[in-house]
$ cat start_29.csv   # CSV, C-alpha atoms and all ligand atoms
chain,number,residue,atom,x,y,z
V,726,MET,CA,12.4,4.1,10.0
V,727,LEU,CA,9.6,6.6,10.7
V,728,ILE,CA,7.8,8.7,8.2
V,729,ASP,CA,6.6,12.1,9.2
V,730,SER,CA,3.5,12.3,7.1
V,731,HIS,CA,3.2,16.1,7.4
V,732,ALA,CA,6.0,18.7,7.6
V,733,HIS,CA,6.6,22.2,6.2
V,734,LEU,CA,10.3,22.5,5.6
V,735,ASN,CA,9.0,24.6,2.7
V,736,PHE,CA,8.0,27.4,5.1
V,737,GLU,CA,10.2,30.4,5.9
V,738,ASP,CA,11.2,29.1,9.3
V,739,PHE,CA,13.4,26.7,7.4
V,740,ASN,CA,14.6,29.1,4.7
V,741,ASP,CA,18.2,28.9,5.9
V,742,ASP,CA,18.6,25.3,6.8
V,743,TRP,CA,16.0,23.0,5.2
V,744,GLN,CA,18.8,21.2,3.4
V,745,SER,CA,20.9,20.4,6.5
V,746,VAL,CA,17.8,19.6,8.5
V,747,THR,CA,16.7,17.1,5.8
V,748,GLU,CA,20.2,15.6,5.6
V,749,ASP,CA,20.1,15.0,9.4
V,750,CYS,CA,16.6,13.5,9.1
V,751,LEU,CA,17.7,11.1,6.4
V,752,LYS,CA,20.8,10.1,8.5
V,753,ASP,CA,18.4,9.4,11.4
V,754,ASP,CA,16.2,7.3,9.1
V,755,ILE,CA,13.4,9.8,9.2
V,756,ASN,CA,11.5,10.4,6.0
V,757,TYR,CA,8.9,13.1,5.4
V,758,ILE,CA,6.2,14.5,3.2
V,759,CYS,CA,6.6,18.2,2.6
V,760,VAL,CA,3.1,19.7,2.5
V,761,GLY,CA,2.1,22.8,0.5
V,762,ALA,CA,-0.3,25.5,1.7
V,763,GLN,CA,-0.1,28.0,-1.1
V,764,TYR,CA,1.2,28.0,-4.7
V,765,GLU,CA,4.7,29.1,-3.8
V,766,THR,CA,5.1,26.7,-0.8
V,767,SER,CA,3.8,23.9,-2.9
V,768,LYS,CA,6.4,24.7,-5.6
V,769,LYS,CA,9.1,24.9,-3.0
V,770,GLY,CA,8.1,21.6,-1.4
V,771,ILE,CA,8.6,19.9,-4.8
V,772,ALA,CA,12.0,21.6,-5.2
V,773,ILE,CA,13.0,20.3,-1.8
V,774,ALA,CA,11.8,16.7,-2.6
V,775,GLU,CA,13.6,16.8,-5.9
V,776,LYS,CA,16.8,17.7,-4.2
V,777,PHE,CA,17.0,14.2,-2.5
V,778,ASP,CA,17.1,10.8,-4.3
V,779,SER,CA,14.7,9.3,-1.8
V,780,GLY,CA,13.0,9.9,1.6
V,781,VAL,CA,11.3,13.2,0.8
V,782,TRP,CA,8.0,13.7,-1.1
V,783,ALA,CA,5.7,16.6,-1.7
V,784,SER,CA,2.0,17.5,-1.7
V,785,VAL,CA,0.4,20.6,-3.3
V,786,ALA,CA,-2.7,22.6,-2.4
V,787,LEU,CA,-4.1,25.9,-1.3
V,788,HIS,CA,-4.8,25.7,2.5
V,789,PRO,CA,-8.4,26.7,3.5
V,790,ILE,CA,-7.1,29.7,5.5
V,791,HIS,CA,-5.7,31.2,2.3
V,792,VAL,CA,-8.8,31.1,0.1
V,793,GLU,CA,-10.1,34.3,-1.5
V,794,GLY,CA,-11.7,36.6,1.0
V,795,SER,CA,-9.5,35.5,3.9
V,796,LYS,CA,-7.5,37.9,5.9
V,797,PHE,CA,-4.5,35.6,5.8
V,798,HIS,CA,-2.6,36.1,2.5
V,799,PRO,CA,-5.6,35.2,0.3
V,800,GLU,CA,-5.0,33.5,-3.1
V,801,LYS,CA,-7.1,32.5,-6.0
V,802,PHE,CA,-7.1,28.7,-6.5
V,803,ASP,CA,-6.3,27.8,-10.1
V,804,PRO,CA,-6.7,24.1,-10.7
V,805,ILE,CA,-4.9,24.3,-14.0
V,806,GLU,CA,-1.8,25.8,-12.4
V,807,TYR,CA,-1.8,23.2,-9.6
V,808,GLY,CA,-2.4,20.5,-12.1
V,809,ARG,CA,0.8,21.6,-13.8
V,810,LEU,CA,2.7,21.4,-10.5
V,811,ILE,CA,1.4,17.8,-10.0
V,812,GLU,CA,2.6,16.9,-13.5
V,813,SER,CA,6.0,18.6,-13.0
V,814,SER,CA,7.4,15.9,-10.6
V,815,LYS,CA,7.0,12.3,-9.7
V,816,LYS,CA,7.7,13.4,-6.1
V,817,VAL,CA,4.1,14.8,-5.8
V,818,VAL,CA,2.3,12.1,-3.9
V,819,ALA,CA,-0.8,13.9,-2.6
V,820,ILE,CA,-3.1,16.9,-2.8
V,821,GLY,CA,-3.0,18.8,0.4
V,822,GLU,CA,-3.5,20.5,2.6
V,823,THR,CA,-7.1,21.2,1.8
V,824,GLY,CA,-10.3,21.2,3.9
V,825,ILE,CA,-12.4,23.5,6.1
V,826,ASP,CA,-11.3,25.8,8.8
V,827,PHE,CA,-13.9,27.5,11.1
V,828,PHE,CA,-11.3,28.5,13.6
V,829,HIS,CA,-9.4,31.2,11.8
V,830,ASN,CA,-11.9,32.0,9.0
V,831,ASP,CA,-15.5,31.2,9.6
V,832,ASP,CA,-16.7,33.9,7.2
V,833,THR,CA,-15.2,32.3,4.1
V,834,PHE,CA,-17.0,28.9,4.5
V,835,THR,CA,-18.7,29.0,1.1
V,836,LYS,CA,-15.5,29.8,-0.7
V,837,GLN,CA,-13.6,27.2,1.4
V,838,LYS,CA,-16.1,24.5,0.5
V,839,GLU,CA,-15.9,25.4,-3.2
V,840,VAL,CA,-12.1,25.2,-3.2
V,841,PHE,CA,-12.1,22.0,-1.1
V,842,ILE,CA,-14.3,20.3,-3.7
V,843,GLN,CA,-12.0,21.6,-6.5
V,844,HIS,CA,-9.1,19.9,-4.7
V,845,LEU,CA,-11.0,16.7,-4.4
V,846,ASN,CA,-11.7,16.8,-8.1
V,847,LEU,CA,-8.0,17.4,-8.8
V,848,ALA,CA,-7.2,14.4,-6.6
V,849,GLU,CA,-9.6,12.2,-8.4
V,850,GLU,CA,-8.3,13.3,-11.8
V,851,HIS,CA,-4.7,12.6,-10.9
V,852,ASP,CA,-5.5,9.5,-8.8
V,853,LEU,CA,-3.9,10.9,-5.7
V,854,PRO,CA,-4.9,10.7,-2.0
V,855,VAL,CA,-5.7,13.9,-0.1
V,856,ILE,CA,-4.1,15.4,3.0
V,857,MET,CA,-6.9,17.3,4.8
V,858,HIS,CA,-7.0,20.0,7.3
V,859,GLY,CA,-10.1,20.6,9.5
V,860,ARG,CA,-10.6,22.9,12.5
V,861,ASN,CA,-13.8,23.5,14.4
V,862,SER,CA,-14.9,26.9,15.5
V,863,LYS,CA,-13.5,28.4,18.7
V,864,ASP,CA,-16.7,28.0,20.6
V,865,GLY,CA,-17.1,24.5,19.4
V,866,THR,CA,-20.5,25.1,17.7
V,867,LYS,CA,-19.3,24.5,14.1
V,868,SER,CA,-17.7,21.3,13.3
V,869,ALA,CA,-15.4,21.5,10.2
V,870,TYR,CA,-15.0,17.7,10.5
V,871,LYS,CA,-18.7,17.1,10.1
V,872,GLU,CA,-18.9,19.4,7.1
V,873,MET,CA,-16.0,17.7,5.5
V,874,VAL,CA,-17.4,14.2,6.0
V,875,LYS,CA,-20.7,15.4,4.4
V,876,ILE,CA,-18.7,16.7,1.3
V,877,LEU,CA,-16.5,13.6,1.1
V,878,LYS,CA,-19.6,11.3,1.0
V,879,ASP,CA,-20.4,12.7,-2.4
V,880,GLN,CA,-16.9,12.5,-3.9
V,881,LYS,CA,-14.9,9.7,-5.4
V,882,VAL,CA,-11.5,10.2,-3.7
V,883,LYS,CA,-9.2,7.2,-3.4
V,884,GLY,CA,-8.3,7.9,0.2
V,885,GLY,CA,-6.3,10.3,2.4
V,886,VAL,CA,-5.7,11.5,5.9
V,887,ILE,CA,-7.3,14.1,8.2
V,888,HIS,CA,-4.2,15.6,9.5
V,889,CYS,CA,-3.5,17.0,13.0
V,890,PHE,CA,-6.7,15.5,14.3
V,891,GLY,CA,-8.2,17.4,17.2
V,892,GLY,CA,-11.8,16.2,17.3
V,893,SER,CA,-13.9,13.6,19.1
V,894,VAL,CA,-14.2,9.8,18.7
V,895,ALA,CA,-17.4,10.3,16.7
V,896,GLU,CA,-15.8,12.9,14.4
V,897,ALA,CA,-12.8,10.5,13.8
V,898,GLN,CA,-15.2,7.7,13.0
V,899,GLY,CA,-16.9,9.9,10.4
V,900,PHE,CA,-13.6,9.7,8.4
V,901,THR,CA,-12.6,6.1,9.2
V,902,ASP,CA,-16.0,4.9,8.1
V,903,LEU,CA,-15.2,6.4,4.7
V,904,GLY,CA,-11.8,4.7,4.6
V,905,PHE,CA,-9.7,7.7,5.6
V,906,HIS,CA,-6.7,7.7,7.9
V,907,ILE,CA,-6.3,9.8,11.0
V,908,GLY,CA,-3.0,11.8,11.5
V,909,PHE,CA,-1.7,12.7,15.0
V,910,THR,CA,0.8,15.4,15.9
V,911,GLY,CA,2.7,16.3,19.0
V,912,ILE,CA,-0.5,17.7,20.5
V,913,ILE,CA,-1.1,14.2,21.8
V,914,THR,CA,1.9,14.5,24.1
V,915,PHE,CA,0.4,17.5,25.9
V,916,ASP,CA,-3.4,17.0,25.6
V,917,LYS,CA,-4.7,17.3,29.1
V,918,THR,CA,-8.3,16.7,28.2
V,919,GLY,CA,-7.7,13.0,27.5
V,920,GLN,CA,-9.9,13.3,24.4
V,921,LEU,CA,-7.2,12.5,21.9
V,922,ALA,CA,-6.1,9.4,23.9
V,923,GLU,CA,-9.7,8.2,23.5
V,924,VAL,CA,-9.5,8.8,19.8
V,925,ILE,CA,-6.2,7.0,19.5
V,926,LYS,CA,-7.7,4.0,21.3
V,927,SER,CA,-10.7,3.9,19.1
V,928,VAL,CA,-9.0,4.0,15.7
V,929,ASP,CA,-7.8,0.8,14.0
V,930,LEU,CA,-4.0,0.7,14.0
V,931,SER,CA,-4.0,0.4,10.2
V,932,LYS,CA,-5.6,3.8,9.9
V,933,ILE,CA,-3.2,5.8,12.1
V,934,LEU,CA,-0.5,8.1,10.7
V,935,VAL,CA,2.1,10.1,12.6
V,936,GLU,CA,3.3,13.6,11.8
V,937,THR,CA,4.9,16.7,13.2
V,938,ASP,CA,3.4,19.6,11.3
V,939,SER,CA,6.9,21.2,11.6
V,940,PRO,CA,7.7,24.0,12.3
V,941,TYR,CA,4.6,24.1,14.5
V,942,LEU,CA,3.4,22.0,17.4
V,943,ALA,CA,6.7,20.7,18.8
V,944,PRO,CA,5.9,17.7,21.2
V,945,GLU,CA,7.0,17.2,24.7
V,946,PRO,CA,9.9,17.4,25.7
V,947,ASN,CA,10.6,20.0,23.0
V,948,ARG,CA,7.5,22.2,23.4
V,949,GLY,CA,8.0,25.8,22.3
V,950,LYS,CA,11.0,25.0,20.1
V,951,ARG,CA,10.9,24.9,16.3
V,952,ASN,CA,9.5,21.5,15.4
V,953,GLN,CA,11.4,19.2,13.0
V,954,PRO,CA,10.6,15.8,11.5
V,955,GLN,CA,12.9,13.9,13.9
V,956,TYR,CA,10.5,14.8,16.7
V,957,VAL,CA,7.9,12.5,15.1
V,958,ARG,CA,9.5,9.9,17.3
V,959,TYR,CA,7.7,11.4,20.4
V,960,VAL,CA,4.4,11.1,18.7
V,961,ALA,CA,5.0,7.4,17.9
V,962,GLU,CA,6.2,6.9,21.5
V,963,LYS,CA,3.0,8.4,22.9
V,964,ILE,CA,0.8,6.3,20.7
V,965,ALA,CA,2.7,3.2,21.8
V,966,GLU,CA,2.1,4.2,25.4
V,967,ILE,CA,-1.6,4.9,24.9
V,968,ARG,CA,-2.1,1.6,23.0
V,969,GLN,CA,0.2,-0.3,25.3
V,970,LEU,CA,2.2,-1.6,22.4
V,971,SER,CA,5.9,-1.5,21.7
V,972,TYR,CA,7.5,1.5,20.0
V,973,ASN,CA,8.7,-0.9,17.3
V,974,LYS,CA,5.2,-2.0,16.5
V,975,ILE,CA,4.0,1.6,16.1
V,976,GLU,CA,7.1,2.5,14.0
V,977,LYS,CA,6.5,-0.4,11.6
V,978,GLN,CA,2.8,-0.1,11.4
V,979,THR,CA,2.6,3.7,10.8
V,980,SER,CA,5.4,3.5,8.2
V,981,GLN,CA,3.6,0.8,6.4
V,982,ASN,CA,0.3,2.8,6.5
V,983,THR,CA,2.0,5.8,5.1
V,984,ILE,CA,3.8,3.9,2.3
V,985,LYS,CA,0.6,2.2,1.3
V,986,LEU,CA,-1.6,5.3,1.4
V,987,PHE,CA,0.8,7.5,-0.6
V,988,ASN,CA,2.2,4.8,-2.7
V,989,LEU,CA,5.8,5.7,-1.7
Y,1,ZN,ZN,0.2,21.7,8.1

$ encode --input "start_29.csv" --output "structure tokens"
Amino acid sequence: MLIDSHAHLNFEDFNDDWQSVTEDCLKDDINYICVGAQYETSKKGIAIAEKFDSGVWASVALHPIHVEGSKFHPEKFDPIEYGRLIESSKKVVAIGETGIDFFHNDDTFTKQKEVFIQHLNLAEEHDLPVIMHGRNSKDGTKSAYKEMVKILKDQKVKGGVIHCFGGSVAEAQGFTDLGFHIGFTGIITFDKTGQLAEVIKSVDLSKILVETDSPYLAPEPNRGKRNQPQYVRYVAEKIAEIRQLSYNKIEKQTSQNTIKLFNL
């Protein structure tokens, strides 16, 4: 059994077939967390999770690229509305994705930071872990990861994951030092820089999660296709190869890590 800790079957790419895709996943012993990025996708993620007795969970949040002032479908974050979503279902296991994005939106930093802190407060209030998104600026001069670690140091969050990690060994360590997990996507199957392999070698196995970020970022050998939770297998295989451990070991360990972190 593998758990894809980050998938978006609540996004429109899956409008027509999220149900059959999920049924296939469950048959293949693949579970997943359906991650929200706006109010509507958060709500839809809960509806998807509720449709299945087990194996699918949801998280709710407003993604940093959608905060007020953004050019990408901006939305006002209302902690009360999101609090109601959390209370509406036992399938909600995390707050996310939330964080800082300098890549798409570096002019909304102040707002992103404010909304990120509101999400961390919501996580504390509901005793839930966080699923975080961070992306550095295109020219590499602004590190979202460093800004997030600075913020997290002042907060009382019970734990969480920095998803789709794309930074350096030092940036990863900033999170693991605070007890957070690191999530890896299919990018690790085609990262030619070698940086992510170094990060994977540096992180304690108990802190590694696997994910797809479906429908995006399909791994080799399915690059360019619509990604789906079953492809999380290629991410686990790549980690096994880099760590020189068996696939079974990575399968077991990452599943245990995910179950423990999200109390599944
Ligand atoms: Zn995502």

$ atom_distance --input "start_29.csv" --atom1 "CA of Asp738 (chain V)" --atom2 "CA of Leu751 (chain V)"
19.4 Å

$ residues_around --input "start_29.csv" --residues "Ser814 (chain V)" --least-positions-apart "2" --cutoff "10 Å" --atoms "all atoms listed in the file" --output "PyMOL selection string"
chain V and resi 771-772+774-775+782-783+809-812+816-818

$ closest_atom_pairs --input "start_29.csv" --of "chain V" --to "ligand ZN 1 (chain Y)" --cutoff "8 Å" --atoms "all atoms listed in the file" --output "Markdown table"
| residue | atom | partner | partner_atom | distance |
| --- | --- | --- | --- | --- |
| V:His731 | CA | Y:ZN1 | ZN | 6.4 |
| V:Ala732 | CA | Y:ZN1 | ZN | 6.5 |
| V:His733 | CA | Y:ZN1 | ZN | 6.7 |
| V:Val760 | CA | Y:ZN1 | ZN | 6.6 |
| V:Gly761 | CA | Y:ZN1 | ZN | 7.9 |
| V:Ala762 | CA | Y:ZN1 | ZN | 7.5 |
| V:Glu822 | CA | Y:ZN1 | ZN | 6.7 |
| V:His858 | CA | Y:ZN1 | ZN | 7.4 |
| V:His888 | CA | Y:ZN1 | ZN | 7.7 |
| V:Cys889 | CA | Y:ZN1 | ZN | 7.7 |
| V:Asp938 | CA | Y:ZN1 | ZN | 5.0 |
| V:Ser939 | CA | Y:ZN1 | ZN | 7.6 |

$ write_last_selection --input "start_29.csv" --atoms "C-alpha atoms" --output "PDB file, in the coordinates of the input"
ATOM      1  CA  HIS V 731       3.200  16.100   7.400  1.00  0.00           C
ATOM      2  CA  ALA V 732       6.000  18.700   7.600  1.00  0.00           C
ATOM      3  CA  HIS V 733       6.600  22.200   6.200  1.00  0.00           C
ATOM      4  CA  VAL V 760       3.100  19.700   2.500  1.00  0.00           C
ATOM      5  CA  GLY V 761       2.100  22.800   0.500  1.00  0.00           C
ATOM      6  CA  ALA V 762      -0.300  25.500   1.700  1.00  0.00           C
ATOM      7  CA  GLU V 822      -3.500  20.500   2.600  1.00  0.00           C
ATOM      8  CA  HIS V 858      -7.000  20.000   7.300  1.00  0.00           C
ATOM      9  CA  HIS V 888      -4.200  15.600   9.500  1.00  0.00           C
ATOM     10  CA  CYS V 889      -3.500  17.000  13.000  1.00  0.00           C
ATOM     11  CA  ASP V 938       3.400  19.600  11.300  1.00  0.00           C
ATOM     12  CA  SER V 939       6.900  21.200  11.600  1.00  0.00           C
TER      13      SER V 939
END

$ closest_residue --input "start_29.csv" --among "V:Lys752, V:Lys875, V:Arg860, V:Lys796" --to "Gln955 (chain V)" --atoms "all atoms listed in the file"
V:Lys752

$ residues_around --input "start_29.csv" --residues "region 921-935 of chain V" --least-positions-apart "2" --cutoff "10 Å" --atoms "all atoms listed in the file" --output "PyMOL selection string"
chain V and resi 727-731+885-898+901+904-919+937-938+957-961+963-969+974-976+978-983+986

$ atom_distance --input "start_29.csv" --atom1 "CA of Pro854 (chain V)" --atom2 "CA of Gly884 (chain V)"
4.9 Å

$ closest_residue --input "start_29.csv" --among "V:Tyr941, V:Phe797, V:Tyr807, V:Trp743" --to "Phe777 (chain V)" --atoms "only C-alpha atoms"
V:Trp743

$ atom_distance --input "start_29.csv" --atom1 "CA of Asp826 (chain V)" --atom2 "CA of Ile856 (chain V)"
13.9 Å

$ closest_residue --input "start_29.csv" --among "V:Thr747, V:Asn846, V:Asn830, V:Asn735" --to "Thr766 (chain V)" --atoms "only C-alpha atoms"
V:Asn735

$ closest_residue --input "start_29.csv" --among "V:Ser868, V:Gln837, V:Asn947, V:Asn756" --to "Ile984 (chain V)" --atoms "all atoms listed in the file"
V:Asn756

$ residues_around --input "start_29.csv" --residues "Glu850 (chain V)" --least-positions-apart "6" --cutoff "12 Å" --atoms "all atoms listed in the file" --output "PDB file with C-alpha atoms, in the coordinates of the input"
ATOM      1  CA  PRO V 804      -6.700  24.100 -10.700  1.00  0.00           C
ATOM      2  CA  ILE V 805      -4.900  24.300 -14.000  1.00  0.00           C
ATOM      3  CA  GLY V 808      -2.400  20.500 -12.100  1.00  0.00           C
ATOM      4  CA  ILE V 811       1.400  17.800 -10.000  1.00  0.00           C
ATOM      5  CA  GLU V 812       2.600  16.900 -13.500  1.00  0.00           C
ATOM      6  CA  ALA V 819      -0.800  13.900  -2.600  1.00  0.00           C
ATOM      7  CA  ILE V 820      -3.100  16.900  -2.800  1.00  0.00           C
ATOM      8  CA  GLN V 843     -12.000  21.600  -6.500  1.00  0.00           C
ATOM      9  CA  HIS V 844      -9.100  19.900  -4.700  1.00  0.00           C
ATOM     10  CA  GLN V 880     -16.900  12.500  -3.900  1.00  0.00           C
ATOM     11  CA  LYS V 881     -14.900   9.700  -5.400  1.00  0.00           C
ATOM     12  CA  VAL V 882     -11.500  10.200  -3.700  1.00  0.00           C
ATOM     13  CA  LYS V 883      -9.200   7.200  -3.400  1.00  0.00           C
TER      14      LYS V 883
END

$ closest_residue --input "start_29.csv" --among "V:Lys838, V:Ser813, V:Ile758, V:Asp778" --to "Ile790 (chain V)" --atoms "all atoms listed in the file"
V:Lys838

$ decode --input "start_29.csv" --residues "region 865-943 of chain V" --atoms "C-alpha atoms" --output "mmCIF file, in the first residue's frame"
data_model
loop_
_atom_site.group_PDB
_atom_site.id
_atom_site.type_symbol
_atom_site.label_atom_id
_atom_site.label_comp_id
_atom_site.auth_asym_id
_atom_site.auth_seq_id
_atom_site.Cartn_x
_atom_site.Cartn_y
_atom_site.Cartn_z
ATOM 1 C CA GLY V 865 16.655 32.361 -6.953
ATOM 2 C CA THR V 866 17.271 35.484 -4.879
ATOM 3 C CA LYS V 867 14.188 35.140 -2.662
ATOM 4 C CA SER V 868 13.757 31.937 -0.678
ATOM 5 C CA ALA V 869 10.162 31.163 0.225
ATOM 6 C CA TYR V 870 11.507 28.258 2.284
ATOM 7 C CA LYS V 871 13.623 30.542 4.480
ATOM 8 C CA GLU V 872 10.730 32.973 5.003
ATOM 9 C CA MET V 873 8.437 30.106 5.970
ATOM 10 C CA VAL V 874 10.894 28.646 8.460
ATOM 11 C CA LYS V 875 11.215 32.092 10.071
ATOM 12 C CA ILE V 876 7.426 32.255 10.458
ATOM 13 C CA LEU V 877 7.105 28.656 11.672
ATOM 14 C CA LYS V 878 9.624 29.235 14.459
ATOM 15 C CA ASP V 879 7.142 31.577 16.162
ATOM 16 C CA GLN V 880 4.134 29.275 15.775
ATOM 17 C CA LYS V 881 2.800 26.312 17.683
ATOM 18 C CA VAL V 882 1.911 23.900 14.886
ATOM 19 C CA LYS V 883 1.840 20.193 15.673
ATOM 20 C CA GLY V 884 3.674 19.248 12.475
ATOM 21 C CA GLY V 885 3.235 18.981 8.768
ATOM 22 C CA VAL V 886 4.934 18.647 5.432
ATOM 23 C CA ILE V 887 6.617 20.971 2.978
ATOM 24 C CA HIS V 888 5.208 19.473 -0.188
ATOM 25 C CA CYS V 889 6.832 19.161 -3.626
ATOM 26 C CA PHE V 890 10.165 20.108 -2.156
ATOM 27 C CA GLY V 891 12.446 21.856 -4.648
ATOM 28 C CA GLY V 892 15.118 23.505 -2.534
ATOM 29 C CA SER V 893 18.571 22.828 -1.161
ATOM 30 C CA VAL V 894 19.805 20.495 1.568
ATOM 31 C CA ALA V 895 20.091 23.503 3.926
ATOM 32 C CA GLU V 896 16.559 24.668 3.149
ATOM 33 C CA ALA V 897 15.201 21.153 3.812
ATOM 34 C CA GLN V 898 17.071 21.049 7.087
ATOM 35 C CA GLY V 899 15.360 24.283 8.147
ATOM 36 C CA PHE V 900 12.087 22.324 8.128
ATOM 37 C CA THR V 901 13.293 19.007 9.524
ATOM 38 C CA ASP V 902 14.990 20.827 12.427
ATOM 39 C CA LEU V 903 11.517 22.039 13.400
ATOM 40 C CA GLY V 904 10.124 18.503 13.087
ATOM 41 C CA PHE V 905 8.446 18.919 9.701
ATOM 42 C CA HIS V 906 8.351 16.301 6.950
ATOM 43 C CA ILE V 907 9.574 16.727 3.377
ATOM 44 C CA GLY V 908 7.338 15.676 0.470
ATOM 45 C CA PHE V 909 8.768 14.575 -2.881
ATOM 46 C CA THR V 910 6.962 14.469 -6.239
ATOM 47 C CA GLY V 911 7.723 13.059 -9.691
ATOM 48 C CA ILE V 912 10.191 15.921 -10.217
ATOM 49 C CA ILE V 913 12.788 13.690 -8.550
ATOM 50 C CA THR V 914 12.516 11.276 -11.502
ATOM 51 C CA PHE V 915 13.710 13.920 -13.971
ATOM 52 C CA ASP V 916 15.802 16.300 -11.869
ATOM 53 C CA LYS V 917 19.032 16.603 -13.826
ATOM 54 C CA THR V 918 20.706 18.951 -11.347
ATOM 55 C CA GLY V 919 21.205 16.206 -8.778
ATOM 56 C CA GLN V 920 20.154 18.601 -6.032
ATOM 57 C CA LEU V 921 17.030 16.693 -5.049
ATOM 58 C CA ALA V 922 18.933 13.412 -4.851
ATOM 59 C CA GLU V 923 21.243 15.129 -2.364
ATOM 60 C CA VAL V 924 18.234 16.305 -0.351
ATOM 61 C CA ILE V 925 16.740 12.788 -0.387
ATOM 62 C CA LYS V 926 20.006 11.374 0.925
ATOM 63 C CA SER V 927 20.159 13.990 3.678
ATOM 64 C CA VAL V 928 16.655 13.610 5.143
ATOM 65 C CA ASP V 929 15.918 11.005 7.795
ATOM 66 C CA LEU V 930 13.716 8.279 6.305
ATOM 67 C CA SER V 931 11.091 8.869 9.004
ATOM 68 C CA LYS V 932 10.573 12.399 7.634
ATOM 69 C CA ILE V 933 10.025 11.539 3.955
ATOM 70 C CA LEU V 934 6.583 11.551 2.298
ATOM 71 C CA VAL V 935 5.740 10.652 -1.301
ATOM 72 C CA GLU V 936 3.192 12.455 -3.436
ATOM 73 C CA THR V 937 2.109 13.103 -7.014
ATOM 74 C CA ASP V 938 0.570 16.616 -7.002
ATOM 75 C CA SER V 939 -1.814 15.149 -9.623
ATOM 76 C CA PRO V 940 -2.848 16.298 -12.217
ATOM 77 C CA TYR V 941 0.532 18.051 -12.470
ATOM 78 C CA LEU V 942 4.135 16.826 -12.546
ATOM 79 C CA ALA V 943 3.706 13.301 -13.926
#
